[in-house]
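In what follows, a structure is listed as structure tokens, so that the remarks can point back to it.
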Amino acid sequence: MNILINAALIIIAVLLFGLIIFVHEFGHFFTAKLSGIRVNEFAIGMGPTLLKFRRKETQYSLRLFPIGGYCAMEGEDEESDDAGAFNNKPVWKRIIVVCAGAVMNILIGIVLMMVLLGQQDQFATTRIAGFTENSALQSAGLQAGDSFYKIDGYRIYTDRDLSFALSLADPASADIEVVRDGQVVSFPDAAFHTVENEDGTQSLQLDFYVQGVPKNIGNFIVKSCADTVSVVRMVWVSLAGLVTGRFGFNDMAGPVGTATAISQAASIGLQQSFGAAVNNILMMMLIITVNLGIVNLLPLPALDGGRLVFLIIEGIRRKPINPKYEGFVHAAGFAVLIGLMLVITYSDILRLITGKGLGG
């Protein structure tokens, strides 16, 4: 029975991966068609073609490996005299097409958040309802009715922000700010109770409860959008942490590491129920789709954000950059990106075998 359940969870994860890829590429495809841009191929997956058919000028393909996809537009990476070529359309139309994939990823993130939140009877807030016995935070001076405002400088808007800030906080010394009677009150160097993990490290132990609000249509829509924005902020902070060194190479994961994390999340959920396992997978997919949207808009060569930079420069200069030079930049960026993915994947596999990645 467990084998069947695990197989079902794997199938669900693969289908959701495919959905995320489809939504991203469909954003490019749909806006390209609306803009009169010729799409030569719309493919889901990479590698050998499993199925394909042609309708008008576009070939639609399903490929073997569910690790990507693409929307190949005429004149996207080369000069073309075709009236429907990407490079022959106004800059504003091309900007919309380039950004559409990431926008669709954010929208599907909101939909997944709605699916998760729709199962709840009420929604958590950031306002303290009470404390456990011998609460460290209560001893530090926090009171019931206080609303969390910042933890170690991280602004708190939702309970998801609160959870993320607490996960990054130093349990022995956290700077906490709350809103009390309309005023911001600070509690520097506040300590939390901790529990010891199996590896000997200390983790923060919550010693307070937050208030809930009833679920209604208004709260449901606002909460879904707000929580998705919270996930976006988490992605940005995590990316910034990689740049500043707060997070190391070992904190990065590629397809293998992601699949492992999804499997672990599903296994944890299975300890409660099959539905809990599916919800854990949905949460992982939500984070992945938002990650895909945000990362794709970074101003890096070979990504949508890199193309966006060139389009903005073209709009300012009123003439395009030499396609040859732009092609060199994107080709170099693509090579670096593939190299990074190979190294990260190797680290993921090494972590599976030895328990440690390249970062130790």
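Letters for chains follow the order of the structure tokens (A, B, ...), residue numbers begin at 1 for each chain, and ligand numbers begin at 1 in the order shown.
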With only C-alpha atoms counted and 12 Å as the cut-off, give the residues of segment 176-238 of chain A in contact with segment 164-167 of chain A, each with its shortest interatomic distance in Å and the pair that gives it, as JSON lines.
```
{"residue": "A:Ile176", "atom": "CA", "partner": "A:Leu166", "partner_atom": "CA", "distance": 10.2}
{"residue": "A:Ala191", "atom": "CA", "partner": "A:Leu166", "partner_atom": "CA", "distance": 11.6}
{"residue": "A:Phe192", "atom": "CA", "partner": "A:Leu166", "partner_atom": "CA", "distance": 10.0}
{"residue": "A:Gln202", "atom": "CA", "partner": "A:Ser167", "partner_atom": "CA", "distance": 11.5}
{"residue": "A:Ser203", "atom": "CA", "partner": "A:Ser167", "partner_atom": "CA", "distance": 8.4}
{"residue": "A:Leu204", "atom": "CA", "partner": "A:Ser167", "partner_atom": "CA", "distance": 7.6}
{"residue": "A:Gln205", "atom": "CA", "partner": "A:Leu166", "partner_atom": "CA", "distance": 9.5}
{"residue": "A:Leu206", "atom": "CA", "partner": "A:Leu166", "partner_atom": "CA", "distance": 9.0}
{"residue": "A:Asp207", "atom": "CA", "partner": "A:Leu166", "partner_atom": "CA", "distance": 11.9}
{"residue": "A:Asp227", "atom": "CA", "partner": "A:Phe164", "partner_atom": "CA", "distance": 11.6}
{"residue": "A:Ser230", "atom": "CA", "partner": "A:Phe164", "partner_atom": "CA", "distance": 9.1}
{"residue": "A:Val231", "atom": "CA", "partner": "A:Phe164", "partner_atom": "CA", "distance": 9.3}
{"residue": "A:Val232", "atom": "CA", "partner": "A:Phe164", "partner_atom": "CA", "distance": 11.8}
{"residue": "A:Arg233", "atom": "CA", "partner": "A:Phe164", "partner_atom": "CA", "distance": 9.9}
{"residue": "A:Met234", "atom": "CA", "partner": "A:Phe164", "partner_atom": "CA", "distance": 7.4}
{"residue": "A:Val235", "atom": "CA", "partner": "A:Phe164", "partner_atom": "CA", "distance": 10.8}
{"residue": "A:Val237", "atom": "CA", "partner": "A:Phe164", "partner_atom": "CA", "distance": 10.2}
{"residue": "A:Ser238", "atom": "CA", "partner": "A:Phe164", "partner_atom": "CA", "distance": 10.5}
```
Would you save the residues from that selection as a PDB file, in the first residue's frame, using N, CA and C atoms?
```pdb
ATOM      1  N   ILE A 176      13.144  42.168  18.717  1.00  0.00           N
ATOM      2  CA  ILE A 176      11.719  42.072  18.395  1.00  0.00           C
ATOM      3  C   ILE A 176      11.060  43.435  18.554  1.00  0.00           C
ATOM      4  N   ALA A 191      15.264  36.510  24.224  1.00  0.00           N
ATOM      5  CA  ALA A 191      15.651  35.103  24.092  1.00  0.00           C
ATOM      6  C   ALA A 191      14.407  34.219  24.015  1.00  0.00           C
ATOM      7  N   PHE A 192      14.527  33.137  23.274  1.00  0.00           N
ATOM      8  CA  PHE A 192      13.455  32.154  23.156  1.00  0.00           C
ATOM      9  C   PHE A 192      13.865  30.871  23.875  1.00  0.00           C
ATOM     10  N   GLN A 202      20.636  23.981  18.072  1.00  0.00           N
ATOM     11  CA  GLN A 202      19.483  24.433  18.832  1.00  0.00           C
ATOM     12  C   GLN A 202      18.453  25.067  17.904  1.00  0.00           C
ATOM     13  N   SER A 203      17.195  24.740  18.124  1.00  0.00           N
ATOM     14  CA  SER A 203      16.110  25.343  17.354  1.00  0.00           C
ATOM     15  C   SER A 203      15.172  26.088  18.285  1.00  0.00           C
ATOM     16  N   LEU A 204      14.625  27.154  17.755  1.00  0.00           N
ATOM     17  CA  LEU A 204      13.713  27.984  18.526  1.00  0.00           C
ATOM     18  C   LEU A 204      12.417  27.229  18.822  1.00  0.00           C
ATOM     19  N   GLN A 205      11.912  27.371  20.023  1.00  0.00           N
ATOM     20  CA  GLN A 205      10.659  26.734  20.422  1.00  0.00           C
ATOM     21  C   GLN A 205       9.617  27.815  20.688  1.00  0.00           C
ATOM     22  N   LEU A 206       8.501  27.753  19.983  1.00  0.00           N
ATOM     23  CA  LEU A 206       7.466  28.770  20.146  1.00  0.00           C
ATOM     24  C   LEU A 206       6.812  28.644  21.512  1.00  0.00           C
ATOM     25  N   ASP A 207       6.585  29.791  22.142  1.00  0.00           N
ATOM     26  CA  ASP A 207       5.952  29.785  23.460  1.00  0.00           C
ATOM     27  C   ASP A 207       4.820  30.806  23.524  1.00  0.00           C
ATOM     28  N   ASP A 227      -0.271  36.240   1.423  1.00  0.00           N
ATOM     29  CA  ASP A 227       0.634  35.132   1.693  1.00  0.00           C
ATOM     30  C   ASP A 227       1.532  34.840   0.490  1.00  0.00           C
ATOM     31  N   SER A 230       4.199  37.249   0.611  1.00  0.00           N
ATOM     32  CA  SER A 230       5.146  36.835   1.652  1.00  0.00           C
ATOM     33  C   SER A 230       6.143  35.820   1.105  1.00  0.00           C
ATOM     34  N   VAL A 231       5.661  34.890   0.271  1.00  0.00           N
ATOM     35  CA  VAL A 231       6.553  33.905  -0.339  1.00  0.00           C
ATOM     36  C   VAL A 231       7.535  34.599  -1.282  1.00  0.00           C
ATOM     37  N   VAL A 232       7.044  35.592  -2.041  1.00  0.00           N
ATOM     38  CA  VAL A 232       7.925  36.368  -2.926  1.00  0.00           C
ATOM     39  C   VAL A 232       9.030  37.037  -2.120  1.00  0.00           C
ATOM     40  N   ARG A 233       8.666  37.635  -0.998  1.00  0.00           N
ATOM     41  CA  ARG A 233       9.669  38.284  -0.136  1.00  0.00           C
ATOM     42  C   ARG A 233      10.674  37.266   0.393  1.00  0.00           C
ATOM     43  N   MET A 234      10.190  36.079   0.759  1.00  0.00           N
ATOM     44  CA  MET A 234      11.082  35.023   1.231  1.00  0.00           C
ATOM     45  C   MET A 234      12.105  34.661   0.157  1.00  0.00           C
ATOM     46  N   VAL A 235      11.650  34.605  -1.103  1.00  0.00           N
ATOM     47  CA  VAL A 235      12.557  34.277  -2.210  1.00  0.00           C
ATOM     48  C   VAL A 235      13.628  35.348  -2.345  1.00  0.00           C
ATOM     49  N   VAL A 237      14.717  37.526  -0.105  1.00  0.00           N
ATOM     50  CA  VAL A 237      15.621  37.515   1.049  1.00  0.00           C
ATOM     51  C   VAL A 237      16.588  36.341   0.955  1.00  0.00           C
ATOM     52  N   SER A 238      16.098  35.194   0.497  1.00  0.00           N
ATOM     53  CA  SER A 238      16.956  34.019   0.349  1.00  0.00           C
ATOM     54  C   SER A 238      18.014  34.245  -0.720  1.00  0.00           C
TER      55      SER A 238
END
```
Name all residues at most 9 Å from segment 182-187 of chain A (count only C-alpha atoms; drop same-chain ones fewer than 4 positions away) and give them as an MDAnalysis selection string. chainID A and resid 140:142 149 174:178
Select from segment 64-150 of chain A every residue with an atom at most 10 Å from any atom of segment 270-293 of chain A, then for each give the shortest pair of atoms and their distance in Å to one decimal, using only C-alpha atoms, rows by chain and rising number, as CSV.
```
residue,atom,partner,partner_atom,distance
A:Cys99,CA,A:Gly293,CA,9.0
A:Ala100,CA,A:Gly293,CA,9.4
A:Gly101,CA,A:Gly293,CA,7.1
A:Ala102,CA,A:Gly293,CA,3.9
A:Val103,CA,A:Gly293,CA,6.7
A:Met104,CA,A:Gly293,CA,7.8
A:Asn105,CA,A:Gly293,CA,5.2
A:Ile106,CA,A:Val290,CA,5.5
A:Leu107,CA,A:Val290,CA,8.8
A:Ile108,CA,A:Thr289,CA,7.4
A:Gly109,CA,A:Leu286,CA,5.1
A:Ile110,CA,A:Leu286,CA,8.1
A:Val111,CA,A:Leu286,CA,8.9
A:Leu112,CA,A:Leu286,CA,6.1
A:Met113,CA,A:Leu286,CA,7.1
A:Val115,CA,A:Leu282,CA,8.6
A:Leu116,CA,A:Asn279,CA,6.7
A:Gln119,CA,A:Asn279,CA,9.8
```
Residues as selected, N, CA, C and O atoms, written as a compact mmCIF listing (two decimals), in the first residue's frame, can you do that?
```
# COMPACT_ATOMS: atom_id res chain seq x y z
N CYS A 99 7.94 39.23 -19.99
CA CYS A 99 7.55 39.21 -18.57
C CYS A 99 6.37 38.29 -18.28
O CYS A 99 6.13 37.93 -17.12
N ALA A 100 5.65 37.89 -19.31
CA ALA A 100 4.40 37.15 -19.11
C ALA A 100 4.60 35.81 -18.42
O ALA A 100 3.75 35.38 -17.63
N GLY A 101 5.71 35.12 -18.69
CA GLY A 101 5.96 33.83 -18.06
C GLY A 101 6.05 33.95 -16.56
O GLY A 101 5.42 33.19 -15.82
N ALA A 102 6.83 34.93 -16.08
CA ALA A 102 6.99 35.13 -14.64
C ALA A 102 5.68 35.56 -14.00
O ALA A 102 5.34 35.10 -12.89
N VAL A 103 4.93 36.43 -14.67
CA VAL A 103 3.64 36.87 -14.14
C VAL A 103 2.70 35.68 -13.98
O VAL A 103 2.00 35.55 -12.96
N MET A 104 2.68 34.79 -14.95
CA MET A 104 1.83 33.61 -14.86
C MET A 104 2.24 32.71 -13.71
O MET A 104 1.40 32.10 -13.04
N ASN A 105 3.55 32.62 -13.44
CA ASN A 105 4.02 31.82 -12.30
C ASN A 105 3.52 32.40 -10.99
O ASN A 105 3.13 31.65 -10.08
N ILE A 106 3.54 33.72 -10.87
CA ILE A 106 3.04 34.35 -9.65
C ILE A 106 1.54 34.10 -9.51
O ILE A 106 1.04 33.80 -8.41
N LEU A 107 0.80 34.18 -10.63
CA LEU A 107 -0.64 33.96 -10.59
C LEU A 107 -0.97 32.52 -10.19
O LEU A 107 -1.90 32.28 -9.40
N ILE A 108 -0.23 31.54 -10.73
CA ILE A 108 -0.49 30.15 -10.34
C ILE A 108 -0.12 29.94 -8.88
O ILE A 108 -0.71 29.10 -8.18
N GLY A 109 0.87 30.72 -8.39
CA GLY A 109 1.20 30.67 -6.97
C GLY A 109 0.02 31.11 -6.12
O GLY A 109 -0.27 30.50 -5.07
N ILE A 110 -0.67 32.16 -6.55
CA ILE A 110 -1.85 32.62 -5.82
C ILE A 110 -2.94 31.56 -5.84
O ILE A 110 -3.61 31.31 -4.82
N VAL A 111 -3.13 30.90 -6.99
CA VAL A 111 -4.14 29.84 -7.09
C VAL A 111 -3.82 28.69 -6.13
O VAL A 111 -4.70 28.18 -5.43
N LEU A 112 -2.54 28.27 -6.11
CA LEU A 112 -2.15 27.19 -5.19
C LEU A 112 -2.34 27.61 -3.74
O LEU A 112 -2.76 26.80 -2.90
N MET A 113 -2.05 28.88 -3.44
CA MET A 113 -2.25 29.38 -2.08
C MET A 113 -3.73 29.34 -1.72
O MET A 113 -4.11 28.99 -0.59
N VAL A 115 -5.90 27.20 -2.87
CA VAL A 115 -6.24 25.80 -2.63
C VAL A 115 -5.88 25.40 -1.20
O VAL A 115 -6.65 24.73 -0.50
N LEU A 116 -4.71 25.84 -0.74
CA LEU A 116 -4.27 25.49 0.61
C LEU A 116 -5.09 26.22 1.68
O LEU A 116 -5.53 25.61 2.66
N GLN A 119 -8.85 25.23 2.66
CA GLN A 119 -9.11 24.09 3.53
C GLN A 119 -9.16 24.48 5.01
O GLN A 119 -9.53 23.67 5.85
```
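Running DSSP on the backbone and keeping only strand (DSSP E or B), the residues of segment 49-111 of chain A that qualify are Thr49, Leu50, Leu51, Lys52, Phe53, Arg54, Arg55, Thr58, Gln59, Tyr60, Ser61, Leu62, Arg63, Leu64, Phe65, Pro66, Ile67, Gly68, Gly69, Tyr70, Cys71, Ala72 and Met73 of chain A.
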Sel. of alpha helix (DSSP H) residues, segment 199-244 of chain A, as a ChimeraX atom specification: /A:217-244
Could those residues be written to a file, using N, CA and C atoms, as a JSON list (two decimals), in the first residue's frame?
```
[["chain", "number", "residue", "atom", "x", "y", "z"],
["A", 217, "ILE", "N", -15.13, 35.44, 2.20],
["A", 217, "ILE", "CA", -14.63, 35.69, 0.85],
["A", 217, "ILE", "C", -13.57, 36.79, 0.85],
["A", 218, "GLY", "N", -13.85, 37.89, 1.56],
["A", 218, "GLY", "CA", -12.90, 39.00, 1.60],
["A", 218, "GLY", "C", -11.57, 38.61, 2.20],
["A", 219, "ASN", "N", -11.63, 37.97, 3.39],
["A", 219, "ASN", "CA", -10.40, 37.54, 4.06],
["A", 219, "ASN", "C", -9.65, 36.51, 3.22],
["A", 220, "PHE", "N", -10.40, 35.65, 2.55],
["A", 220, "PHE", "CA", -9.80, 34.58, 1.74],
["A", 220, "PHE", "C", -8.99, 35.17, 0.59],
["A", 221, "ILE", "N", -9.54, 36.12, -0.12],
["A", 221, "ILE", "CA", -8.84, 36.73, -1.26],
["A", 221, "ILE", "C", -7.63, 37.53, -0.78],
["A", 222, "VAL", "N", -7.84, 38.35, 0.25],
["A", 222, "VAL", "CA", -6.75, 39.18, 0.77],
["A", 222, "VAL", "C", -5.63, 38.30, 1.32],
["A", 223, "LYS", "N", -5.99, 37.27, 2.07],
["A", 223, "LYS", "CA", -4.99, 36.38, 2.68],
["A", 223, "LYS", "C", -4.21, 35.62, 1.61],
["A", 224, "SER", "N", -4.89, 35.16, 0.56],
["A", 224, "SER", "CA", -4.21, 34.43, -0.52],
["A", 224, "SER", "C", -3.17, 35.30, -1.20],
["A", 225, "CYS", "N", -3.55, 36.55, -1.51],
["A", 225, "CYS", "CA", -2.61, 37.47, -2.17],
["A", 225, "CYS", "C", -1.48, 37.86, -1.21],
["A", 226, "ALA", "N", -1.82, 38.16, 0.03],
["A", 226, "ALA", "CA", -0.81, 38.59, 1.00],
["A", 226, "ALA", "C", 0.20, 37.48, 1.28],
["A", 227, "ASP", "N", -0.27, 36.24, 1.42],
["A", 227, "ASP", "CA", 0.63, 35.13, 1.69],
["A", 227, "ASP", "C", 1.53, 34.84, 0.49],
["A", 228, "THR", "N", 1.00, 35.03, -0.72],
["A", 228, "THR", "CA", 1.84, 34.84, -1.92],
["A", 228, "THR", "C", 2.92, 35.90, -1.97],
["A", 229, "VAL", "N", 2.57, 37.14, -1.62],
["A", 229, "VAL", "CA", 3.58, 38.21, -1.54],
["A", 229, "VAL", "C", 4.63, 37.86, -0.49],
["A", 230, "SER", "N", 4.20, 37.25, 0.61],
["A", 230, "SER", "CA", 5.15, 36.84, 1.65],
["A", 230, "SER", "C", 6.14, 35.82, 1.11],
["A", 231, "VAL", "N", 5.66, 34.89, 0.27],
["A", 231, "VAL", "CA", 6.55, 33.90, -0.34],
["A", 231, "VAL", "C", 7.53, 34.60, -1.28],
["A", 232, "VAL", "N", 7.04, 35.59, -2.04],
["A", 232, "VAL", "CA", 7.92, 36.37, -2.93],
["A", 232, "VAL", "C", 9.03, 37.04, -2.12],
["A", 233, "ARG", "N", 8.67, 37.63, -1.00],
["A", 233, "ARG", "CA", 9.67, 38.28, -0.14],
["A", 233, "ARG", "C", 10.67, 37.27, 0.39],
["A", 234, "MET", "N", 10.19, 36.08, 0.76],
["A", 234, "MET", "CA", 11.08, 35.02, 1.23],
["A", 234, "MET", "C", 12.10, 34.66, 0.16],
["A", 235, "VAL", "N", 11.65, 34.60, -1.10],
["A", 235, "VAL", "CA", 12.56, 34.28, -2.21],
["A", 235, "VAL", "C", 13.63, 35.35, -2.34],
["A", 236, "TRP", "N", 13.22, 36.62, -2.33],
["A", 236, "TRP", "CA", 14.18, 37.71, -2.46],
["A", 236, "TRP", "C", 15.20, 37.71, -1.33],
["A", 237, "VAL", "N", 14.72, 37.53, -0.10],
["A", 237, "VAL", "CA", 15.62, 37.51, 1.05],
["A", 237, "VAL", "C", 16.59, 36.34, 0.95],
["A", 238, "SER", "N", 16.10, 35.19, 0.50],
["A", 238, "SER", "CA", 16.96, 34.02, 0.35],
["A", 238, "SER", "C", 18.01, 34.25, -0.72],
["A", 239, "LEU", "N", 17.62, 34.87, -1.85],
["A", 239, "LEU", "CA", 18.59, 35.18, -2.90],
["A", 239, "LEU", "C", 19.63, 36.18, -2.39],
["A", 240, "ALA", "N", 19.18, 37.18, -1.65],
["A", 240, "ALA", "CA", 20.11, 38.15, -1.08],
["A", 240, "ALA", "C", 21.07, 37.48, -0.10],
["A", 241, "GLY", "N", 20.54, 36.48, 0.64],
["A", 241, "GLY", "CA", 21.38, 35.75, 1.59],
["A", 241, "GLY", "C", 22.46, 34.96, 0.90],
["A", 242, "LEU", "N", 22.18, 34.44, -0.30],
["A", 242, "LEU", "CA", 23.20, 33.72, -1.08],
["A", 242, "LEU", "C", 24.30, 34.69, -1.52],
["A", 243, "VAL", "N", 23.90, 35.91, -1.92],
["A", 243, "VAL", "CA", 24.86, 36.90, -2.39],
["A", 243, "VAL", "C", 25.74, 37.40, -1.25],
["A", 244, "THR", "N", 25.12, 37.64, -0.08],
["A", 244, "THR", "CA", 25.86, 38.20, 1.05],
["A", 244, "THR", "C", 26.62, 37.15, 1.85]]
```
Between A:Val195, A:Val39, A:Val179, A:Leu298, which has the minimum distance to Ala72 of chain A (counting only C-alpha atoms)? A:Val39
List the spatial neighbours of Lys93 of chain A as a PyMOL selection string - criterion: any atom at most 9 Å away, only C-alpha atoms, same-chain residues fewer than 5 positions off excluded. chain A and resi 31-32+35+98
Straight-line distance linking atom CA of His24 of chain A with atom CA of Val97 of chain A, stated in Å to one decimal: 11.0 Å
Nearest to Leu297 of chain A by atom-to-atom distance, counting only C-alpha atoms, from A:Val309, A:Ile128, A:Leu117, A:Ala83: A:Val309
Find the spatial neighbours of Gly327 of chain A, counting only C-alpha atoms, within a cut-off of 7 Å - ignore same-chain residues fewer than 4 positions away - and output them as a PyMOL selection string. chain A and resi 77+323+331
For atom CA of Phe17 of chain A and atom CA of Leu50 of chain A, the interatomic separation in Å (one decimal): 17.5 Å
At what distance in Å, to one decimal, does atom CA of Ala144 of chain A lie from atom CA of Ser173 of chain A? 21.0 Å
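Among the candidates A:Met73, A:Asn197, A:Pro301, A:Gln143, the residue lying nearest to Phe30 of chain A is A:Met73 (atoms considered: only C-alpha atoms).
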